[in-house]
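File shown: query.txt. Contents: compact mmCIF, C-alpha atoms.
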# COMPACT_ATOMS: atom_id res chain seq x y z
CA MET A 15 0.84 54.38 32.03
CA GLN A 16 -1.11 53.07 34.97
CA THR A 17 -4.02 51.88 32.83
CA LYS A 18 -1.69 50.24 30.34
CA ARG A 19 -0.02 48.34 33.12
CA ARG A 20 -3.44 47.22 34.35
CA VAL A 21 -4.42 46.04 30.86
CA PHE A 22 -1.12 44.26 30.49
CA LEU A 23 -1.54 42.46 33.82
CA LYS A 24 -5.07 41.38 32.97
CA GLY A 25 -3.97 40.18 29.54
CA SER A 26 -1.10 38.13 30.85
CA LEU A 27 -3.30 36.63 33.57
CA ALA A 28 -5.83 35.46 31.01
CA ALA A 29 -3.09 34.11 28.77
CA SER A 30 -1.46 32.17 31.59
CA ALA A 31 -4.80 30.65 32.56
CA ALA A 32 -5.22 29.31 29.02
CA GLY A 33 -1.62 28.16 29.07
CA LEU A 34 -2.21 26.28 32.30
CA ALA A 35 -5.26 24.56 30.84
CA VAL A 36 -3.25 23.39 27.83
CA GLY A 37 -0.37 22.33 30.05
CA ALA A 38 -2.66 20.32 32.29
CA GLY A 39 -4.03 18.47 29.27
CA LEU A 40 -7.47 20.01 29.59
CA LEU A 41 -7.24 21.50 26.14
CA SER A 42 -5.11 19.47 23.80
CA PRO A 43 -4.96 21.34 20.48
CA ARG A 44 -5.02 18.10 18.48
CA ALA A 45 -7.80 16.52 20.52
CA VAL A 46 -9.93 19.54 19.68
CA LEU A 47 -9.27 19.11 15.96
CA ALA A 48 -9.90 15.36 15.81
CA SER A 49 -13.42 14.00 15.49
CA GLU A 50 -14.87 11.46 17.92
CA TRP A 51 -13.89 7.82 17.48
CA PRO A 52 -17.12 6.23 16.06
CA THR A 53 -17.74 3.70 18.85
CA ALA A 54 -21.11 2.43 17.58
CA ALA A 55 -19.72 1.74 14.08
CA PHE A 56 -16.80 -0.24 15.50
CA ASP A 57 -19.04 -2.18 17.93
CA ALA A 58 -21.44 -3.29 15.17
CA THR A 59 -21.28 -7.07 14.61
CA LYS A 60 -22.77 -6.99 11.10
CA MET A 61 -21.20 -5.16 8.18
CA ASP A 62 -24.45 -3.44 7.14
CA ALA A 63 -24.95 -2.14 10.68
CA GLY A 64 -21.36 -0.86 10.70
CA LEU A 65 -21.91 0.91 7.37
CA ASN A 66 -25.13 2.45 8.69
CA GLU A 67 -23.46 3.72 11.85
CA LEU A 68 -20.49 5.12 9.97
CA PHE A 69 -22.09 6.62 6.86
CA GLY A 70 -25.82 6.74 7.69
CA THR A 71 -26.55 4.26 4.89
CA ALA A 72 -25.57 0.69 3.98
CA ASP A 73 -26.36 1.21 0.32
CA ALA A 74 -22.97 0.82 -1.35
CA ALA A 75 -22.65 0.30 -5.11
CA GLU A 76 -20.04 -2.07 -6.57
CA SER A 77 -17.65 0.19 -8.44
CA GLY A 78 -14.70 -0.24 -10.76
CA ASP A 79 -13.39 3.08 -9.47
CA VAL A 80 -12.50 1.47 -6.13
CA SER A 81 -9.66 -1.00 -6.01
CA VAL A 82 -8.77 -3.35 -3.16
CA LYS A 83 -5.37 -5.01 -3.24
CA ALA A 84 -4.67 -7.92 -0.92
CA PRO A 85 -2.95 -11.30 -1.25
CA ASP A 86 -4.91 -14.31 -2.63
CA ILE A 87 -3.68 -16.41 0.27
CA ALA A 88 -2.59 -15.13 3.68
CA GLU A 89 -0.77 -17.75 5.73
CA ASN A 90 -1.02 -15.59 8.83
CA GLY A 91 -4.35 -13.86 9.43
CA ALA A 92 -2.69 -11.60 11.99
CA VAL A 93 -0.89 -9.60 9.30
CA VAL A 94 -2.71 -9.18 5.99
CA PRO A 95 -1.51 -6.29 3.81
CA VAL A 96 -4.43 -4.37 2.29
CA THR A 97 -4.50 -1.36 -0.03
CA VAL A 98 -7.69 0.53 -0.82
CA GLU A 99 -7.51 3.10 -3.58
CA SER A 100 -10.05 5.09 -5.54
CA SER A 101 -10.03 7.28 -8.63
CA ILE A 102 -13.20 9.10 -7.52
CA ALA A 103 -12.09 12.71 -7.23
CA ASP A 104 -14.26 13.97 -4.35
CA ALA A 105 -13.84 10.89 -2.13
CA ASN A 106 -13.74 12.11 1.45
CA GLN A 107 -13.88 8.86 3.43
CA VAL A 108 -12.27 5.45 3.01
CA ALA A 109 -13.21 2.46 5.18
CA ILE A 110 -12.01 -1.14 5.36
CA PHE A 111 -14.40 -3.95 6.34
CA VAL A 112 -13.91 -7.70 6.88
CA SER A 113 -17.47 -9.07 7.09
CA LYS A 114 -16.78 -12.26 9.10
CA ASN A 115 -14.59 -10.60 11.73
CA PRO A 116 -16.33 -10.28 15.16
CA THR A 117 -16.67 -6.55 14.45
CA PRO A 118 -16.42 -6.05 10.66
CA LEU A 119 -15.23 -2.42 10.60
CA VAL A 120 -11.42 -2.50 10.64
CA ALA A 121 -10.60 1.16 10.11
CA SER A 122 -11.97 4.32 8.57
CA PHE A 123 -10.14 7.37 7.32
CA ASP A 124 -11.60 10.86 6.96
CA LEU A 125 -9.75 12.69 4.23
CA SER A 126 -9.30 16.44 4.32
CA GLY A 127 -6.64 16.81 1.67
CA ALA A 128 -5.07 13.35 1.55
CA ASN A 129 -5.60 11.29 -1.62
CA PRO A 130 -8.10 8.39 -1.53
CA PHE A 131 -5.29 5.88 -1.02
CA VAL A 132 -4.72 3.88 2.16
CA SER A 133 -2.38 0.96 2.59
CA THR A 134 -2.16 -0.84 5.93
CA ARG A 135 -1.97 -4.27 7.57
CA ILE A 136 -5.01 -5.89 9.18
CA ARG A 137 -6.17 -8.97 11.11
CA MET A 138 -8.58 -11.52 9.61
CA GLY A 139 -10.27 -14.34 11.52
CA GLU A 140 -10.91 -16.64 8.55
CA THR A 141 -11.12 -16.81 4.75
CA ASP A 142 -13.25 -13.86 3.79
CA ASN A 143 -13.75 -10.82 1.59
CA VAL A 144 -11.89 -7.62 2.37
CA THR A 145 -14.16 -4.75 1.32
CA GLY A 146 -13.04 -1.22 0.68
CA VAL A 147 -15.79 1.40 0.91
CA VAL A 148 -15.37 4.93 -0.38
CA ASN A 149 -17.74 7.79 0.44
CA ALA A 150 -17.94 10.54 -2.18
CA GLY A 151 -20.53 13.24 -1.61
CA GLY A 152 -22.76 10.99 0.49
CA LYS A 153 -22.75 8.13 -2.06
CA LEU A 154 -20.98 4.88 -1.20
CA TYR A 155 -18.85 2.85 -3.61
CA LYS A 156 -17.26 -0.46 -2.79
CA ALA A 157 -15.02 -3.23 -4.07
CA SER A 158 -14.01 -6.54 -2.52
CA LYS A 159 -11.17 -9.02 -2.70
CA GLU A 160 -11.25 -12.55 -1.32
CA VAL A 161 -8.34 -13.58 0.89
CA LYS A 162 -7.85 -17.22 1.89
CA VAL A 163 -6.62 -17.32 5.46
CA THR A 164 -4.64 -20.35 6.68
CA ILE A 165 -4.31 -19.38 10.36
CA GLY A 166 -6.76 -16.86 11.82
CA GLY A 167 -5.42 -13.78 13.50
CA CYS A 168 -8.06 -12.77 16.02
CA GLY A 169 -7.65 -14.86 19.16
CA GLY A 170 -4.53 -16.76 20.21
CA MET B 16 12.17 7.46 21.75
CA SER B 17 9.22 8.03 19.62
CA THR B 18 6.96 5.12 18.75
CA ILE B 19 6.47 6.63 15.28
CA ARG B 20 8.86 6.10 12.41
CA MET B 21 8.17 7.58 8.99
CA ARG B 22 9.64 7.77 5.53
CA ILE B 23 8.48 10.52 3.21
CA SER B 24 9.12 10.48 -0.54
CA PRO B 25 8.18 13.69 -2.37
CA ALA B 26 6.87 13.16 -5.92
CA GLY B 27 5.77 16.42 -7.53
CA ASP B 28 3.04 17.95 -5.40
CA VAL B 29 2.32 14.70 -3.51
CA LEU B 30 4.14 13.25 -0.52
CA ASP B 31 4.16 9.48 -0.20
CA VAL B 32 4.18 8.91 3.58
CA LYS B 33 4.99 5.50 5.02
CA ALA B 34 4.65 5.20 8.78
CA LEU B 35 5.36 2.40 11.21
CA ILE B 36 4.12 2.75 14.78
CA ARG B 37 5.39 0.58 17.61
CA HIS B 38 2.27 -0.55 19.48
CA PRO B 39 0.97 -3.97 20.71
CA MET B 40 -2.60 -3.38 19.35
CA GLU B 41 -3.88 -5.78 22.03
CA SER B 42 -7.39 -6.90 21.01
CA GLY B 43 -8.67 -7.89 24.43
CA ASN B 44 -9.41 -11.41 23.14
CA ARG B 45 -6.01 -12.89 23.94
CA GLU B 46 -5.23 -14.82 27.11
CA ASP B 47 -2.06 -14.61 29.09
CA LYS B 48 -1.02 -18.29 28.91
CA SER B 49 0.73 -18.26 32.30
CA THR B 50 -2.18 -16.80 34.29
CA GLY B 51 -5.17 -17.76 32.08
CA LYS B 52 -6.44 -14.19 32.40
CA LYS B 53 -7.49 -12.07 29.46
CA ILE B 54 -5.03 -9.39 28.42
CA PRO B 55 -6.94 -6.09 28.48
CA ALA B 56 -7.57 -4.32 25.17
CA ASN B 57 -4.97 -1.70 24.33
CA TYR B 58 -5.08 -0.37 20.80
CA ILE B 59 -4.74 2.86 18.84
CA GLN B 60 -8.11 4.46 18.08
CA LYS B 61 -7.21 7.79 16.49
CA LEU B 62 -4.44 8.37 13.98
CA MET B 63 -4.04 11.89 12.66
CA VAL B 64 -1.81 13.15 9.86
CA ALA B 65 -1.09 16.85 9.27
CA VAL B 66 1.05 18.71 6.74
CA ASN B 67 2.50 22.02 7.99
CA GLY B 68 0.06 21.89 10.92
CA GLU B 69 -2.98 21.44 8.65
CA ASN B 70 -4.96 18.23 9.17
CA VAL B 71 -5.09 16.14 5.98
CA MET B 72 -6.31 12.80 7.34
CA ASP B 73 -8.11 11.66 10.45
CA GLY B 74 -8.02 7.89 10.90
CA ASN B 75 -10.10 5.67 13.17
CA LEU B 76 -8.51 2.31 13.90
CA SER B 77 -9.78 -0.80 15.67
CA GLU B 78 -8.25 -3.88 17.27
CA ALA B 79 -8.42 -5.51 13.81
CA VAL B 80 -5.40 -3.48 12.70
CA SER B 81 -2.23 -5.56 13.03
CA LYS B 82 0.31 -5.16 15.81
CA ASN B 83 2.83 -2.40 15.09
CA PRO B 84 0.50 -0.63 12.64
CA TYR B 85 1.78 0.23 9.19
CA LEU B 86 0.21 3.00 7.17
CA ASN B 87 1.01 4.27 3.70
CA ILE B 88 -0.88 7.33 2.47
CA LYS B 89 -0.46 10.05 -0.13
CA VAL B 90 -0.89 13.63 1.01
CA PRO B 91 -0.54 16.99 -0.73
CA GLY B 92 2.83 18.65 -0.12
CA LYS B 93 6.31 19.23 -1.45
CA LYS B 94 9.89 18.76 -0.38
CA GLY B 95 10.60 20.62 2.86
CA ASP B 96 7.04 20.44 4.22
CA GLU B 97 6.57 19.21 7.77
CA VAL B 98 4.53 16.04 8.22
CA THR B 99 3.11 15.37 11.69
CA ILE B 100 1.63 12.03 12.73
CA SER B 101 -0.07 11.60 16.10
CA TRP B 102 -2.07 8.83 17.75
CA ASN B 103 -4.30 8.24 20.79
CA SER B 104 -5.12 4.82 22.24
CA ASN B 105 -8.21 3.53 24.07
CA THR B 106 -6.11 3.55 27.26
CA GLY B 107 -5.45 7.29 26.96
CA GLU B 108 -1.87 7.05 25.77
CA SER B 109 -0.65 9.15 22.86
CA ASP B 110 2.41 10.05 20.84
CA GLU B 111 3.36 12.49 18.10
CA ALA B 112 6.22 12.88 15.64
CA THR B 113 7.11 15.49 13.04
CA GLN B 114 9.46 15.08 10.10
CA SER B 115 10.49 17.24 7.13
CA ALA B 116 9.82 15.87 3.68
Rendering of file as structure tokens:
Amino acid sequence: MQTKRRVFLKGSLAASAAGLAVGAGLLSPRAVLASEWPTAAFDATKMDAGLNELFGTADAAESGDVSVKAPDIAENGAVVPVTVESSIADANQVAIFVSKNPTPLVASFDLSGANPFVSTRIRMGETDNVTGVVNAGGKLYKASKEVKVTIGGCGG
Amino acid sequence: MSTIRMRISPAGDVLDVKALIRHPMESGNREDKSTGKKIPANYIQKLMVAVNGENVMDGNLSEAVSKNPYLNIKVPGKKGDEVTISWNSNTGESDEATQSA
């Protein structure tokens, strides 16, 4: 009885210490799961450098298995709807680049179950290509779509 | 009130998730016209989506994503599954919302 009480006390002490750490924000369960935000890839001012930082290679093949949907003309560069989709089965990363933006990498998505389909709204500085890049087993595939921008959406 | 709104449409074994997040996505390039000072950057960097607590997508966003980010993705799941979306910003703010399909 005595020993059990001792064990119980020790156990609850340890548990409450972990609980405190979580409560204090030292150990956020989701922060542990999520990977680091790729700072160097987002800071890159050239698209090839961004690709290199993100995927370890800038060698992306034009592919009909990647589709980029975006409007032909965007009156407002601050809100350009873009959809990147791929039929490549083992695609595990999808990234969106706008090469003439100050930092070309717009967003990247690591897939661990989700389909290779991302639709979002982005900012574009000027008339440019929107490029969708898909990583499947270390190989990069890309497709682009030109969007004419009437009013840029970067500064203001 | 949560900054995250979502609409989930189940179609077979896939959930079509549309999310709208209320956030200024301040790029750091804009000036406050009244003071002439730059408005500091404040944008979402991480955007995570989980189904029944299991991570299915881990997104990295930049200041080139429009204000009040919109995201439409397709994730595995069926009616009744719980979809959780959470975000963290460069300023250390975060939010999370869960909804049943």
task: Find the residues near Lys83 of chain A: any atom within 8 Å, counting only C-alpha atoms, skip ones fewer than 2 places away on the same chain, and give them as a PyMOL selection string.
output: chain A and resi 81+85+96-98+159
Residues from the last selection, C-alpha atoms, saved as a compact mmCIF listing (two decimals), keeping the file's coordinate frame:
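Dumped to again_18.txt:
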# COMPACT_ATOMS: atom_id res chain seq x y z
CA SER A 81 -9.66 -1.00 -6.01
CA PRO A 85 -2.95 -11.30 -1.25
CA VAL A 96 -4.43 -4.37 2.29
CA THR A 97 -4.50 -1.36 -0.03
CA VAL A 98 -7.69 0.53 -0.82
CA LYS A 159 -11.17 -9.02 -2.70
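For segment 80-95 of chain B, the list of residues within 6 Å, based on only C-alpha atoms and with local chain neighbours fewer than 4 positions off taken out, reads Val93, Ala128, Asn129, Phe131, Val132, Ser133, Thr134, Arg135, Ile136 and Arg137 of chain A; Pro25, Asp28, Val29, Leu30, Asp31, Val32, Lys33, Ala34, Leu35, Ile36, Arg37, His38, Pro39, Met40, Ser115 and Ala116 of chain B.
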For C-alpha atoms, I'd like the residues from the last selection saved as a PDB file, in the frame of the given file.
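The result, written out as selection36.pdb:
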ATOM      1  CA  VAL A  93      -0.890  -9.600   9.300  1.00  0.00           C
ATOM      2  CA  ALA A 128      -5.070  13.350   1.550  1.00  0.00           C
ATOM      3  CA  ASN A 129      -5.600  11.290  -1.620  1.00  0.00           C
ATOM      4  CA  PHE A 131      -5.290   5.880  -1.020  1.00  0.00           C
ATOM      5  CA  VAL A 132      -4.720   3.880   2.160  1.00  0.00           C
ATOM      6  CA  SER A 133      -2.380   0.960   2.590  1.00  0.00           C
ATOM      7  CA  THR A 134      -2.160  -0.840   5.930  1.00  0.00           C
ATOM      8  CA  ARG A 135      -1.970  -4.270   7.570  1.00  0.00           C
ATOM      9  CA  ILE A 136      -5.010  -5.890   9.180  1.00  0.00           C
ATOM     10  CA  ARG A 137      -6.170  -8.970  11.110  1.00  0.00           C
TER      11      ARG A 137
ATOM     12  CA  PRO B  25       8.180  13.690  -2.370  1.00  0.00           C
ATOM     13  CA  ASP B  28       3.040  17.950  -5.400  1.00  0.00           C
ATOM     14  CA  VAL B  29       2.320  14.700  -3.510  1.00  0.00           C
ATOM     15  CA  LEU B  30       4.140  13.250  -0.520  1.00  0.00           C
ATOM     16  CA  ASP B  31       4.160   9.480  -0.200  1.00  0.00           C
ATOM     17  CA  VAL B  32       4.180   8.910   3.580  1.00  0.00           C
ATOM     18  CA  LYS B  33       4.990   5.500   5.020  1.00  0.00           C
ATOM     19  CA  ALA B  34       4.650   5.200   8.780  1.00  0.00           C
ATOM     20  CA  LEU B  35       5.360   2.400  11.210  1.00  0.00           C
ATOM     21  CA  ILE B  36       4.120   2.750  14.780  1.00  0.00           C
ATOM     22  CA  ARG B  37       5.390   0.580  17.610  1.00  0.00           C
ATOM     23  CA  HIS B  38       2.270  -0.550  19.480  1.00  0.00           C
ATOM     24  CA  PRO B  39       0.970  -3.970  20.710  1.00  0.00           C
ATOM     25  CA  MET B  40      -2.600  -3.380  19.350  1.00  0.00           C
ATOM     26  CA  SER B 115      10.490  17.240   7.130  1.00  0.00           C
ATOM     27  CA  ALA B 116       9.820  15.870   3.680  1.00  0.00           C
TER      28      ALA B 116
END
Mind dumping a table of every segment 31-103 of chain B residue within 9 Å of segment 107-121 of chain A, with the nearest atom pair and its distance in Å to one decimal, using only C-alpha atoms, sorted by chain and rising number, as a Markdown table?
| residue | atom | partner | partner_atom | distance |
| --- | --- | --- | --- | --- |
| B:Gln60 | CA | A:Ala121 | CA | 9.0 |
| B:Gly74 | CA | A:Ala121 | CA | 7.3 |
| B:Asn75 | CA | A:Ala121 | CA | 5.5 |
| B:Leu76 | CA | A:Ala121 | CA | 4.5 |
| B:Ser77 | CA | A:Val120 | CA | 5.6 |
| B:Glu78 | CA | A:Val120 | CA | 7.5 |
| B:Ala79 | CA | A:Val120 | CA | 5.3 |
| B:Val80 | CA | A:Val120 | CA | 6.4 |
query: Which polymer residues have any atom within 9 Å of an atom of Leu154 of chain A, counting only C-alpha atoms, with same-chain residues fewer than 3 positions away left out, as number ranges by chain?
result: A: 69, 71-76, 147-151
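Using all atoms listed in the file for every distance, the candidate list B:Tyr58, B:Lys52, B:Trp102, B:Arg45 yields B:Arg45 as the residue closest to chain A.
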query: Distance atom CA of Met21 of chain B-atom CA of Ala56 of chain B, one decimal place?
result: 25.5 Å
task: For each of A:Ala103, A:Ala63, A:Trp51, A:Met138, take the minimum atom-to-atom distance to Ile59 of chain B, counting only C-alpha atoms, then give the residue where this is smallest.
output: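 Looking only at the distances to Ile59 of chain B, the closest residue turns out to be A:Trp51.
Pairwise distance (atom CA of Leu68 of chain A, atom CA of Ser100 of chain A) equals 18.7 Å.
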task: Quick one: everything within 10 Å of Ile165 of chain A, counting only C-alpha atoms, minus sequence neighbours fewer than 3 positions away in the same chain. Send it as a ChimeraX atom specification.
output: /A:88-92,138-141,162,168
All residues 6 Å or closer to Val98 of chain B, all atoms listed in the file, same chain fewer than 3 positions away omitted, as a list in words: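 So, after excluding close chain neighbours, the residues are Ala65, Val66, Thr113 and Gln114 of chain B.
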